[in-house]
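One file, my_file-v2.cif, is given below (mmCIF, C-alpha atoms).
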data_target
#
loop_
_atom_site.group_PDB
_atom_site.id
_atom_site.type_symbol
_atom_site.label_atom_id
_atom_site.label_comp_id
_atom_site.auth_asym_id
_atom_site.auth_seq_id
_atom_site.Cartn_x
_atom_site.Cartn_y
_atom_site.Cartn_z
ATOM 1 C CA MET A 1 78.653 25.129 -76.360
ATOM 2 C CA PRO A 2 77.897 23.002 -73.274
ATOM 3 C CA SER A 3 79.763 19.777 -72.816
ATOM 4 C CA LYS A 4 78.185 16.346 -72.776
ATOM 5 C CA THR A 5 79.038 15.983 -69.138
ATOM 6 C CA SER A 6 77.125 19.158 -68.196
ATOM 7 C CA ALA A 7 74.071 17.979 -70.105
ATOM 8 C CA LYS A 8 74.080 14.666 -68.322
ATOM 9 C CA SER A 9 74.352 16.422 -64.958
ATOM 10 C CA ALA A 10 71.417 18.688 -65.731
ATOM 11 C CA LYS A 11 69.228 15.727 -66.698
ATOM 12 C CA ALA A 12 70.156 13.922 -63.499
ATOM 13 C CA ILE A 13 69.252 16.942 -61.383
ATOM 14 C CA LYS A 14 65.909 17.313 -63.193
ATOM 15 C CA ALA A 15 65.063 13.627 -62.686
ATOM 16 C CA ALA A 16 65.894 13.849 -59.002
ATOM 17 C CA GLY A 17 63.571 16.854 -58.617
ATOM 18 C CA LYS A 18 60.681 15.002 -60.214
ATOM 19 C CA SER A 19 61.257 12.035 -57.954
ATOM 20 C CA ALA A 20 61.221 14.213 -54.823
ATOM 21 C CA GLY A 21 57.995 15.935 -55.896
ATOM 22 C CA SER A 22 56.300 12.618 -56.455
ATOM 23 C CA SER A 23 57.315 11.501 -52.975
ATOM 24 C CA ARG A 24 55.915 14.675 -51.424
ATOM 25 C CA LYS A 25 52.530 14.197 -53.174
ATOM 26 C CA GLY A 26 52.281 10.597 -52.037
ATOM 27 C CA GLY A 27 53.075 11.559 -48.437
ATOM 28 C CA ARG A 28 50.000 13.729 -48.199
ATOM 29 C CA GLY A 29 47.696 10.699 -48.283
ATOM 30 C CA GLY A 30 49.455 8.670 -45.619
ATOM 31 C CA SER A 31 50.774 5.194 -45.835
ATOM 32 C CA LEU A 32 47.463 3.691 -47.125
ATOM 33 C CA GLY A 33 47.223 5.492 -50.426
ATOM 34 C CA GLY A 34 45.624 8.661 -48.999
ATOM 35 C CA LYS A 35 42.782 6.945 -46.951
ATOM 36 C CA ARG A 36 42.308 7.815 -43.204
ATOM 37 C CA GLN A 37 41.928 5.006 -40.611
ATOM 38 C CA ILE A 38 38.536 4.827 -38.723
ATOM 39 C CA PRO A 39 39.029 4.590 -34.887
ATOM 40 C CA TRP A 40 36.724 1.609 -34.392
ATOM 41 C CA LEU A 41 38.118 0.877 -30.949
ATOM 42 C CA MET A 42 37.226 4.328 -29.642
ATOM 43 C CA ILE A 43 33.762 4.247 -31.250
ATOM 44 C CA GLY A 44 33.045 0.848 -29.653
ATOM 45 C CA ALA A 45 34.110 2.095 -26.231
ATOM 46 C CA VAL A 46 31.863 5.157 -26.507
ATOM 47 C CA VAL A 47 28.887 3.001 -27.557
ATOM 48 C CA CYS A 48 29.449 0.660 -24.575
ATOM 49 C CA ILE A 49 29.607 3.586 -22.142
ATOM 50 C CA VAL A 50 26.411 5.128 -23.535
ATOM 51 C CA ALA A 51 24.617 1.759 -23.335
ATOM 52 C CA LEU A 52 25.794 1.277 -19.755
ATOM 53 C CA ILE A 53 24.564 4.712 -18.705
ATOM 54 C CA GLY A 54 21.228 4.044 -20.414
ATOM 55 C CA GLY A 55 20.860 0.701 -18.636
ATOM 56 C CA ILE A 56 21.583 2.210 -15.244
ATOM 57 C CA ALA A 57 19.086 5.001 -15.881
ATOM 58 C CA TRP A 58 16.462 2.464 -17.024
ATOM 59 C CA VAL A 59 16.805 0.629 -13.691
ATOM 60 C CA LEU A 60 17.249 3.548 -11.310
ATOM 61 C CA VAL A 61 14.859 6.190 -12.637
ATOM 62 C CA PRO A 62 11.667 4.147 -12.010
ATOM 63 C CA LYS A 63 12.915 3.290 -8.510
ATOM 64 C CA ILE A 64 13.588 6.932 -7.760
ATOM 65 C CA GLN A 65 10.143 7.855 -9.076
ATOM 66 C CA ASP A 66 8.519 5.107 -6.970
ATOM 67 C CA LYS A 67 10.360 6.327 -3.877
ATOM 68 C CA GLN A 68 9.225 9.895 -4.517
ATOM 69 C CA GLU A 69 5.659 8.682 -5.041
ATOM 70 C CA GLN A 70 5.764 6.635 -1.835
ATOM 71 C CA ASP A 71 7.142 9.566 0.145
ATOM 72 C CA LYS A 72 4.303 11.702 -1.157
ATOM 73 C CA TYR A 73 1.731 9.412 0.477
ATOM 74 C CA THR A 74 3.647 8.462 3.623
ATOM 75 C CA PRO A 75 2.084 10.012 6.743
ATOM 76 C CA SER A 76 4.120 12.228 9.054
ATOM 77 C CA ALA A 77 3.578 14.756 11.818
ATOM 78 C CA GLN A 78 3.521 17.466 9.167
ATOM 79 C CA LYS A 79 1.292 15.477 6.784
ATOM 80 C CA LYS A 80 -1.004 13.450 8.993
ATOM 81 C CA ASP A 81 -3.489 12.369 6.336
ATOM 82 C CA PRO A 82 -1.886 12.013 2.886
ATOM 83 C CA SER A 83 -5.136 10.526 1.570
ATOM 84 C CA ASP A 84 -6.295 14.128 1.181
ATOM 85 C CA GLN A 85 -4.193 14.094 -1.995
ATOM 86 C CA ILE A 86 -5.947 11.025 -3.422
ATOM 87 C CA GLN A 87 -8.839 11.798 -5.728
ATOM 88 C CA GLY A 88 -12.095 10.079 -4.761
ATOM 89 C CA VAL A 89 -11.427 9.372 -1.086
ATOM 90 C CA VAL A 90 -14.516 9.844 1.095
ATOM 91 C CA LYS A 91 -13.936 10.748 4.758
ATOM 92 C CA LYS A 92 -16.273 10.605 7.754
ATOM 93 C CA ASP A 93 -15.832 10.897 11.505
ATOM 94 C CA TYR A 94 -17.002 7.979 13.625
ATOM 95 C CA ALA A 95 -17.051 7.401 17.378
ATOM 96 C CA ALA A 96 -14.827 4.502 18.406
ATOM 97 C CA GLY A 97 -15.077 1.721 20.971
ATOM 98 C CA MET A 98 -18.764 0.792 20.643
ATOM 99 C CA HIS A 99 -19.225 -2.974 20.647
ATOM 100 C CA VAL A 100 -22.185 -5.119 19.677
ATOM 101 C CA ALA A 101 -22.784 -8.798 20.402
ATOM 102 C CA ALA A 102 -22.109 -11.537 17.883
ATOM 103 C CA THR A 103 -25.840 -11.867 17.217
ATOM 104 C CA GLN A 104 -26.468 -8.156 16.694
ATOM 105 C CA ARG A 105 -26.401 -6.158 13.490
ATOM 106 C CA VAL A 106 -25.576 -2.519 12.894
ATOM 107 C CA ASN A 107 -27.597 -0.277 10.606
ATOM 108 C CA TYR A 108 -24.536 1.066 8.803
ATOM 109 C CA ASP A 109 -24.729 4.294 6.832
ATOM 110 C CA GLN A 110 -22.259 3.143 4.162
ATOM 111 C CA SER A 111 -21.793 0.019 2.080
ATOM 112 C CA PRO A 112 -19.235 -1.318 2.717
ATOM 113 C CA PRO A 113 -19.073 0.374 6.123
ATOM 114 C CA PHE A 114 -15.854 2.028 7.258
ATOM 115 C CA GLY A 115 -16.615 3.051 10.819
ATOM 116 C CA GLY A 116 -19.216 2.975 13.560
ATOM 117 C CA PRO A 117 -20.356 0.348 16.092
ATOM 118 C CA HIS A 118 -18.843 -3.085 15.519
ATOM 119 C CA ASP A 119 -18.470 -6.561 16.949
ATOM 120 C CA GLY A 120 -16.204 -6.966 19.961
ATOM 121 C CA SER A 121 -14.221 -9.555 17.974
ATOM 122 C CA TRP A 122 -12.265 -8.242 15.016
ATOM 123 C CA ALA A 123 -11.712 -10.123 11.770
ATOM 124 C CA ALA A 124 -8.129 -11.380 11.614
ATOM 125 C CA CYS A 125 -6.263 -8.847 9.503
ATOM 126 C CA THR A 126 -2.753 -10.257 9.252
ATOM 127 C CA GLY A 127 -2.759 -10.206 5.464
ATOM 128 C CA VAL A 128 -5.705 -12.600 5.212
ATOM 129 C CA VAL A 129 -7.460 -13.075 1.864
ATOM 130 C CA TYR A 130 -10.934 -14.424 2.620
ATOM 131 C CA ALA A 131 -12.489 -16.597 -0.055
ATOM 132 C CA LYS A 132 -16.011 -15.822 1.201
ATOM 133 C CA ALA A 133 -17.744 -12.607 2.183
ATOM 134 C CA ILE A 134 -17.394 -11.955 5.908
ATOM 135 C CA ARG A 135 -19.618 -10.318 8.507
ATOM 136 C CA THR A 136 -19.222 -6.552 8.252
ATOM 137 C CA GLU A 137 -19.429 -5.961 12.015
ATOM 138 C CA ASN A 138 -16.210 -7.959 12.456
ATOM 139 C CA ALA A 139 -14.413 -6.300 9.546
ATOM 140 C CA VAL A 140 -15.173 -2.786 10.832
ATOM 141 C CA HIS A 141 -13.434 -3.621 14.111
ATOM 142 C CA SER A 142 -10.320 -4.498 12.086
ATOM 143 C CA LEU A 143 -10.354 -0.990 10.640
ATOM 144 C CA GLU A 144 -10.328 0.396 14.179
ATOM 145 C CA HIS A 145 -7.015 -1.452 14.632
ATOM 146 C CA GLY A 146 -5.449 0.374 11.687
ATOM 147 C CA ALA A 147 -6.080 -2.209 8.962
ATOM 148 C CA ILE A 148 -7.002 -1.731 5.312
ATOM 149 C CA TRP A 149 -10.011 -3.750 4.153
ATOM 150 C CA ILE A 150 -10.155 -4.362 0.395
ATOM 151 C CA THR A 151 -13.512 -5.501 -0.932
ATOM 152 C CA TYR A 152 -14.630 -6.377 -4.453
ATOM 153 C CA ASN A 153 -17.786 -7.314 -6.284
ATOM 154 C CA PRO A 154 -17.233 -10.904 -7.490
ATOM 155 C CA ASP A 155 -19.571 -10.245 -10.422
ATOM 156 C CA LYS A 156 -17.565 -7.250 -11.634
ATOM 157 C CA VAL A 157 -13.912 -8.208 -11.111
ATOM 158 C CA ASP A 158 -12.247 -10.965 -13.147
ATOM 159 C CA GLN A 159 -9.667 -13.402 -11.818
ATOM 160 C CA ALA A 160 -6.756 -11.277 -13.032
ATOM 161 C CA GLY A 161 -8.099 -8.316 -11.066
ATOM 162 C CA ILE A 162 -8.627 -10.455 -7.977
ATOM 163 C CA ASP A 163 -5.054 -11.735 -8.216
ATOM 164 C CA THR A 164 -3.757 -8.174 -8.495
ATOM 165 C CA LEU A 165 -5.626 -7.196 -5.337
ATOM 166 C CA LYS A 166 -4.424 -10.328 -3.552
ATOM 167 C CA SER A 167 -0.825 -9.290 -4.170
ATOM 168 C CA LYS A 168 -1.524 -6.096 -2.220
ATOM 169 C CA VAL A 169 -2.901 -7.999 0.777
ATOM 170 C CA LYS A 170 -1.668 -11.568 1.145
ATOM 171 C CA GLY A 171 0.843 -11.786 3.975
ATOM 172 C CA LYS A 172 0.836 -8.006 4.515
ATOM 173 C CA PRO A 173 0.256 -7.050 8.181
ATOM 174 C CA TYR A 174 -2.826 -4.993 9.016
ATOM 175 C CA SER A 175 -4.709 -5.811 5.851
ATOM 176 C CA LEU A 176 -7.546 -8.092 4.791
ATOM 177 C CA MET A 177 -9.541 -8.737 1.650
ATOM 178 C CA SER A 178 -12.917 -10.308 0.971
ATOM 179 C CA PRO A 179 -15.658 -10.369 -1.665
ATOM 180 C CA TYR A 180 -18.602 -8.057 -1.039
ATOM 181 C CA PRO A 181 -21.700 -9.135 -3.003
ATOM 182 C CA GLY A 182 -23.849 -6.305 -4.323
ATOM 183 C CA LEU A 183 -21.056 -3.713 -4.136
ATOM 184 C CA ASP A 184 -22.021 -0.779 -6.382
ATOM 185 C CA THR A 185 -18.499 -0.503 -7.847
ATOM 186 C CA PRO A 186 -16.052 -3.252 -8.783
ATOM 187 C CA ILE A 187 -13.652 -2.414 -5.921
ATOM 188 C CA SER A 188 -13.829 -0.528 -2.636
ATOM 189 C CA LEU A 189 -11.034 0.158 -0.141
ATOM 190 C CA GLN A 190 -11.735 0.954 3.508
ATOM 191 C CA SER A 191 -9.751 2.233 6.462
ATOM 192 C CA TRP A 192 -11.246 3.734 9.603
ATOM 193 C CA GLY A 193 -13.185 6.824 8.482
ATOM 194 C CA HIS A 194 -11.958 6.553 4.866
ATOM 195 C CA GLN A 195 -13.241 4.894 1.716
ATOM 196 C CA LEU A 196 -12.162 4.808 -1.936
ATOM 197 C CA LYS A 197 -14.262 3.168 -4.641
ATOM 198 C CA LEU A 198 -12.548 2.172 -7.900
ATOM 199 C CA ASN A 199 -13.266 0.480 -11.195
ATOM 200 C CA SER A 200 -9.927 -1.259 -11.774
ATOM 201 C CA ALA A 201 -7.500 -3.270 -9.672
ATOM 202 C CA ASP A 202 -4.679 -1.691 -11.682
ATOM 203 C CA ASP A 203 -5.583 1.811 -10.522
ATOM 204 C CA LYS A 204 -2.478 3.323 -8.899
ATOM 205 C CA ARG A 205 -4.689 4.757 -6.154
ATOM 206 C CA VAL A 206 -4.904 1.283 -4.592
ATOM 207 C CA GLY A 207 -1.255 1.542 -3.580
ATOM 208 C CA GLU A 208 -1.570 5.199 -2.646
ATOM 209 C CA PHE A 209 -4.490 4.486 -0.310
ATOM 210 C CA ILE A 210 -2.619 1.647 1.401
ATOM 211 C CA THR A 211 0.531 3.733 1.845
ATOM 212 C CA ALA A 212 -1.404 6.695 3.217
ATOM 213 C CA LEU A 213 -3.681 4.898 5.673
ATOM 214 C CA ARG A 214 -2.463 1.446 6.690
ATOM 215 C CA LEU A 215 -1.287 1.827 10.293
ATOM 216 C CA ASN A 216 -1.412 5.605 9.953
ATOM 217 C CA GLN A 217 -1.273 6.491 13.651
ATOM 218 C CA TYR A 218 -3.042 9.785 13.008
ATOM 219 C CA ALA A 219 -6.033 8.210 11.264
ATOM 220 C CA TYR A 220 -7.441 5.403 13.454
ATOM 221 C CA PRO A 221 -8.494 5.182 17.105
ATOM 222 C CA GLU A 222 -6.900 2.070 18.586
ATOM 223 C CA VAL A 223 -3.214 2.655 17.931
ATOM 224 C CA GLY A 224 -1.102 -0.331 18.962
ATOM 225 C CA ALA A 225 -3.892 -2.923 18.844
ATOM 226 C CA ASP A 226 -3.070 -6.306 17.349
ATOM 227 C CA CYS A 227 -4.508 -7.723 14.122
ATOM 228 C CA ALA A 228 -4.101 -11.377 15.032
ATOM 229 C CA ASN A 229 -7.208 -12.969 16.517
ATOM 230 C CA PRO A 230 -6.952 -16.707 17.243
ATOM 231 C CA THR A 231 -10.675 -16.897 18.078
ATOM 232 C CA PHE A 232 -11.682 -15.725 14.609
ATOM 233 C CA ASN A 233 -11.985 -18.660 12.212
ATOM 234 C CA THR A 234 -10.397 -17.482 8.968
ATOM 235 C CA ASP A 235 -11.401 -20.680 7.142
ATOM 236 C CA ASN A 236 -15.043 -20.443 8.168
ATOM 237 C CA PRO A 237 -15.679 -16.851 9.301
ATOM 238 C CA PRO A 238 -19.041 -15.428 10.359
ATOM 239 C CA ALA A 239 -21.031 -15.034 7.173
ATOM 240 C CA PHE A 240 -21.928 -11.840 5.365
ATOM 241 C CA ASP A 241 -25.627 -10.972 5.632
ATOM 242 C CA PRO A 242 -26.867 -9.230 2.463
ATOM 243 C CA THR A 243 -30.326 -8.448 3.836
ATOM 244 C CA GLN A 244 -31.346 -5.079 5.229
ATOM 245 C CA PRO A 245 -30.922 -4.822 9.010
ATOM 246 C CA GLY A 246 -34.176 -5.063 10.948
ATOM 247 C CA PRO A 247 -35.722 -2.566 13.349
ATOM 248 C CA ASP A 248 -33.707 -4.041 16.227
ATOM 249 C CA ALA A 249 -30.379 -3.170 14.540
ATOM 250 C CA VAL A 250 -27.986 -0.904 16.430
ATOM 251 C CA PRO A 251 -28.057 2.654 15.052
ATOM 252 C CA MET A 252 -24.910 4.438 13.909
ATOM 253 C CA ASP A 253 -24.845 6.662 16.976
ATOM 254 C CA GLY A 254 -24.523 3.538 19.121
ATOM 255 C CA LYS A 255 -27.522 4.395 21.248
ATOM 256 C CA GLY A 256 -27.711 2.017 24.183
ATOM 257 C CA LEU A 257 -24.037 1.007 23.916
ATOM 258 C CA GLN A 258 -21.252 1.928 26.320
ATOM 259 C CA GLN A 259 -17.985 3.122 24.813
ATOM 260 C CA ASP A 260 -14.913 1.088 25.614
ATOM 261 C CA ALA A 261 -12.467 3.659 27.017
ATOM 262 C CA SER A 262 -9.447 1.487 26.160
ATOM 263 C CA GLU A 263 -10.182 1.987 22.469
ATOM 264 C CA LEU A 264 -10.183 5.766 22.627
ATOM 265 C CA GLY A 265 -7.083 7.813 21.870
ATOM 266 C CA GLY A 266 -4.825 8.259 24.873
ATOM 267 C CA GLY A 267 -6.695 5.625 26.871
ATOM 268 C CA SER A 268 -3.621 3.797 28.165
ATOM 269 C CA GLY A 269 -2.998 6.238 30.999
ATOM 270 C CA ILE A 270 0.764 6.003 30.414
ATOM 271 C CA PRO A 271 2.551 8.788 28.523
ATOM 272 C CA GLY A 272 3.990 7.460 25.302
ATOM 273 C CA MET A 273 2.067 4.186 25.380
ATOM 274 C CA PRO A 274 -0.605 3.837 22.688
ATOM 275 C CA ALA A 275 -4.205 3.192 23.581
ATOM 276 C CA GLY A 276 -5.174 -0.431 23.173
ATOM 277 C CA GLY A 277 -1.871 -1.893 24.322
ATOM 278 C CA ILE A 278 1.531 -2.811 22.974
ATOM 279 C CA PRO A 279 1.782 -3.800 19.282
ATOM 280 C CA GLY A 280 2.577 -7.421 18.571
ATOM 281 C CA LEU A 281 0.985 -8.946 21.671
ATOM 282 C CA PRO A 282 -2.388 -10.704 21.352
ATOM 283 C CA ASN A 283 -5.113 -8.307 22.459
ATOM 284 C CA GLY A 284 -2.391 -5.837 23.438
ATOM 285 C CA VAL A 285 -1.662 -5.020 27.076
ATOM 286 C CA PRO A 286 -4.650 -3.228 28.611
ATOM 287 C CA GLY A 287 -4.081 0.319 29.774
ATOM 288 C CA LEU A 288 -3.674 1.267 33.403
ATOM 289 C CA PRO A 289 -6.519 3.102 35.118
ATOM 290 C CA THR A 290 -6.463 6.846 35.437
ATOM 291 C CA ASP A 291 -8.867 7.066 38.360
ATOM 292 C CA GLY A 292 -6.174 6.707 41.027
ATOM 293 C CA THR A 293 -7.077 3.154 42.089
ATOM 294 C CA SER A 294 -4.188 0.839 42.821
ATOM 295 C CA LEU A 295 -3.212 -2.526 44.173
ATOM 296 C CA PRO A 296 -1.500 -3.006 47.583
ATOM 297 C CA GLY A 297 2.019 -1.696 47.553
ATOM 298 C CA GLY A 298 1.182 1.128 45.178
ATOM 299 C CA ILE A 299 0.941 -1.044 42.065
ATOM 300 C CA PRO A 300 -1.825 0.278 39.806
ATOM 301 C CA SER A 301 -4.659 -2.145 39.209
ATOM 302 C CA ILE A 302 -5.111 -3.511 35.691
ATOM 303 C CA PRO A 303 -8.655 -3.823 34.386
ATOM 304 C CA ALA A 304 -9.830 -6.931 32.614
ATOM 305 C CA PRO A 305 -9.340 -6.787 28.831
ATOM 306 C CA THR A 306 -12.335 -5.346 27.064
ATOM 307 C CA ASP A 307 -11.143 -5.704 23.517
ATOM 308 C CA GLY A 308 -11.605 -9.440 23.313
ATOM 309 C CA PRO A 309 -14.396 -11.280 21.536
ATOM 310 C CA THR A 310 -17.905 -10.746 22.797
ATOM 311 C CA GLN A 311 -18.348 -14.516 22.857
ATOM 312 C CA PRO A 312 -15.680 -17.260 22.826
ATOM 313 C CA ASP A 313 -17.055 -18.851 19.672
ATOM 314 C CA GLN A 314 -18.528 -17.244 16.612
ATOM 315 C CA PRO A 315 -21.928 -18.517 15.440
ATOM 316 C CA ALA A 316 -21.942 -20.929 12.578
ATOM 317 C CA PRO A 317 -22.481 -19.101 9.299
ATOM 318 C CA THR A 318 -25.901 -19.333 7.757
ATOM 319 C CA GLN A 319 -26.173 -20.730 4.291
#
Kindly transcribe the structure held in the file into structure tokens.
Amino acid sequence: MPSKTSAKSAKAIKAAGKSAGSSRKGGRGGSLGGKRQIPWLMIGAVVCIVALIGGIAWVLVPKIQDKQEQDKYTPSAQKKDPSDQIQGVVKKDYAAGMHVAATQRVNYDQSPPFGGPHDGSWAACTGVVYAKAIRTENAVHSLEHGAIWITYNPDKVDQAGIDTLKSKVKGKPYSLMSPYPGLDTPISLQSWGHQLKLNSADDKRVGEFITALRLNQYAYPEVGADCANPTFNTDNPPAFDPTQPGPDAVPMDGKGLQQDASELGGGSGIPGMPAGGIPGLPNGVPGLPTDGTSLPGGIPSIPAPTDGPTQPDQPAPTQ
């Protein structure tokens, strides 16, 4: 028969075993009663990183897309006329360098015109936004200098549209803008030998046309000619004449006019120098003759400028 001491020892051993088992069960759940801790710090860091990447992408992706779009319409030796990719552009070939007097009109084949005979004085195209319609014969000469002429029908374009167009022109070199009463579409863009008619100022083709053709050396005759013209009154320019030209108007072929050789491609007579002169100087620097004539001492003679205004002062606009 077991002793009392043995019985007490057995009970103690059994109690110790139960206690150890209970401790092992509790250990499975961790120190917080079996609940796992959520790594909020790590989750917050991941969220911040994702947000940062998203913000950078939101800023950079449109810029990358804009750069790719601009490159698509930027002229180069391999892609001389990117406007071929712009839907709706009309192209025509026109002879350059045919000047009419300030009192003459040209029977243009397009409205607005974008090439052909023109006034000897060009409309200032240094990013000028004209409040009034201007004489077309002056504006066409600006196109020959590489400018973009934006016109709009004041009865079809609201102020918001006009402001949008202004932002494309104001202060931008080799560009000008003016209303064009009677225009058959709300908006029309012109460069030498190119035209694009549009219904909305928000049309992305406005920017594409400007990128492709403004100062595109492969697409206008008088490369290097200036757009500033101090003799052209930008506050009170020669007025637009909405009437049909009369029988005495100069025809599109320029019959009776003599072409100005300085406005034809390669007319400078100096390799590498553009026809029409050096950019940035008023009226350019006239080209040297190619007929072998020279001044004493072997200095080539320089002809008188021919790309100046036909008359010193423009006629007062008719009301």
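As for CA of Thr151 (chain A) and CA of Asn216 (chain A), they are spaced 19.7 Å apart.
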TODO: Have a look at CA of Pro112 (chain A) and CA of Lys170 (chain A) and let me know their distance in Å, one decimal.
DONE: 20.4 Å
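The space between CA of Trp192 (chain A) and CA of Glu222 (chain A) spans 10.1 Å.
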Task: Tyr220 (chain A) environment, 10 Å, only C-alpha atoms, sequence neighbours closer than 4 positions dropped, as an MDAnalysis selection string - done: chainID A and resid 94 96 115 143:147 191:194 213:216 264:265
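Applied to this file, the PyMOL selection byres ((chain A and resi 190) around 7) selects A:Phe114, A:Ile148, A:Trp149, A:Ile150, A:Ser188, A:Leu189, A:Ser191, A:Trp192, A:His194, A:Gln195, A:Leu196.
Restricting the calculation to all atoms listed in the file, the smallest distance between Val223 (chain A) and any of A:Ser262, A:Val250, A:Thr103, A:Glu208 is found for A:Ser262.
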Task: Selection: 9 Å around region 80-82 of chain A, all atoms listed in the file, excl. self and same-chain fewer than 2 positions, as a ChimeraX atom specification - done: /A:72-78,84-86,208-209,211-213,216-219
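Applied to this file, the PyMOL selection byres ((chain A and resi 152) around 9) selects Ile150, Thr151, Asn153, Pro154, Asp155, Lys156, Val157, Ile162, Met177, Ser178, Pro179, Tyr180, Pro181, Leu183, Thr185, Pro186, Ile187, Ser188 and Leu189 of chain A.
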Write out all heavy atoms for region 167-173 of chain A, as a CSV table (one decimal), in the coordinates of the input.
chain,number,residue,atom,x,y,z
A,167,SER,N,-2.2,-9.6,-4.3
A,167,SER,CA,-0.8,-9.3,-4.2
A,167,SER,C,-0.6,-8.1,-3.3
A,167,SER,O,0.5,-7.9,-2.7
A,167,SER,CB,-0.2,-9.0,-5.5
A,167,SER,OG,-0.7,-7.8,-6.1
A,168,LYS,N,-1.6,-7.3,-3.1
A,168,LYS,CA,-1.5,-6.1,-2.2
A,168,LYS,C,-1.8,-6.5,-0.8
A,168,LYS,O,-1.5,-5.7,0.1
A,168,LYS,CB,-2.5,-5.0,-2.7
A,168,LYS,CG,-2.5,-4.6,-4.1
A,168,LYS,CD,-1.2,-3.8,-4.4
A,168,LYS,CE,-1.3,-3.3,-5.9
A,168,LYS,NZ,-0.1,-2.5,-6.2
A,169,VAL,N,-2.4,-7.6,-0.6
A,169,VAL,CA,-2.9,-8.0,0.8
A,169,VAL,C,-2.2,-9.2,1.4
A,169,VAL,O,-1.8,-9.2,2.6
A,169,VAL,CB,-4.4,-8.2,0.7
A,169,VAL,CG1,-5.0,-8.8,2.0
A,169,VAL,CG2,-5.1,-7.0,0.3
A,170,LYS,N,-2.1,-10.3,0.6
A,170,LYS,CA,-1.7,-11.6,1.1
A,170,LYS,C,-0.3,-11.5,1.9
A,170,LYS,O,0.7,-11.0,1.3
A,170,LYS,CB,-1.6,-12.6,0.0
A,170,LYS,CG,-1.4,-14.0,0.5
A,170,LYS,CD,-1.6,-15.0,-0.6
A,170,LYS,CE,-1.6,-16.5,-0.1
A,170,LYS,NZ,-1.7,-17.4,-1.1
A,171,GLY,N,-0.4,-11.8,3.2
A,171,GLY,CA,0.8,-11.8,4.0
A,171,GLY,C,1.3,-10.4,4.5
A,171,GLY,O,2.2,-10.3,5.2
A,172,LYS,N,0.5,-9.4,4.1
A,172,LYS,CA,0.8,-8.0,4.5
A,172,LYS,C,0.1,-7.7,5.8
A,172,LYS,O,-1.1,-7.8,5.9
A,172,LYS,CB,0.4,-7.0,3.5
A,172,LYS,CG,0.9,-7.2,2.0
A,172,LYS,CD,2.4,-7.0,1.9
A,172,LYS,CE,2.8,-6.9,0.5
A,172,LYS,NZ,2.5,-8.1,-0.4
A,173,PRO,N,0.9,-7.3,6.9
A,173,PRO,CA,0.3,-7.0,8.2
A,173,PRO,C,-0.8,-5.9,8.1
A,173,PRO,O,-0.7,-5.0,7.3
A,173,PRO,CB,1.4,-6.6,9.1
A,173,PRO,CG,2.7,-7.2,8.4
A,173,PRO,CD,2.3,-7.2,6.9
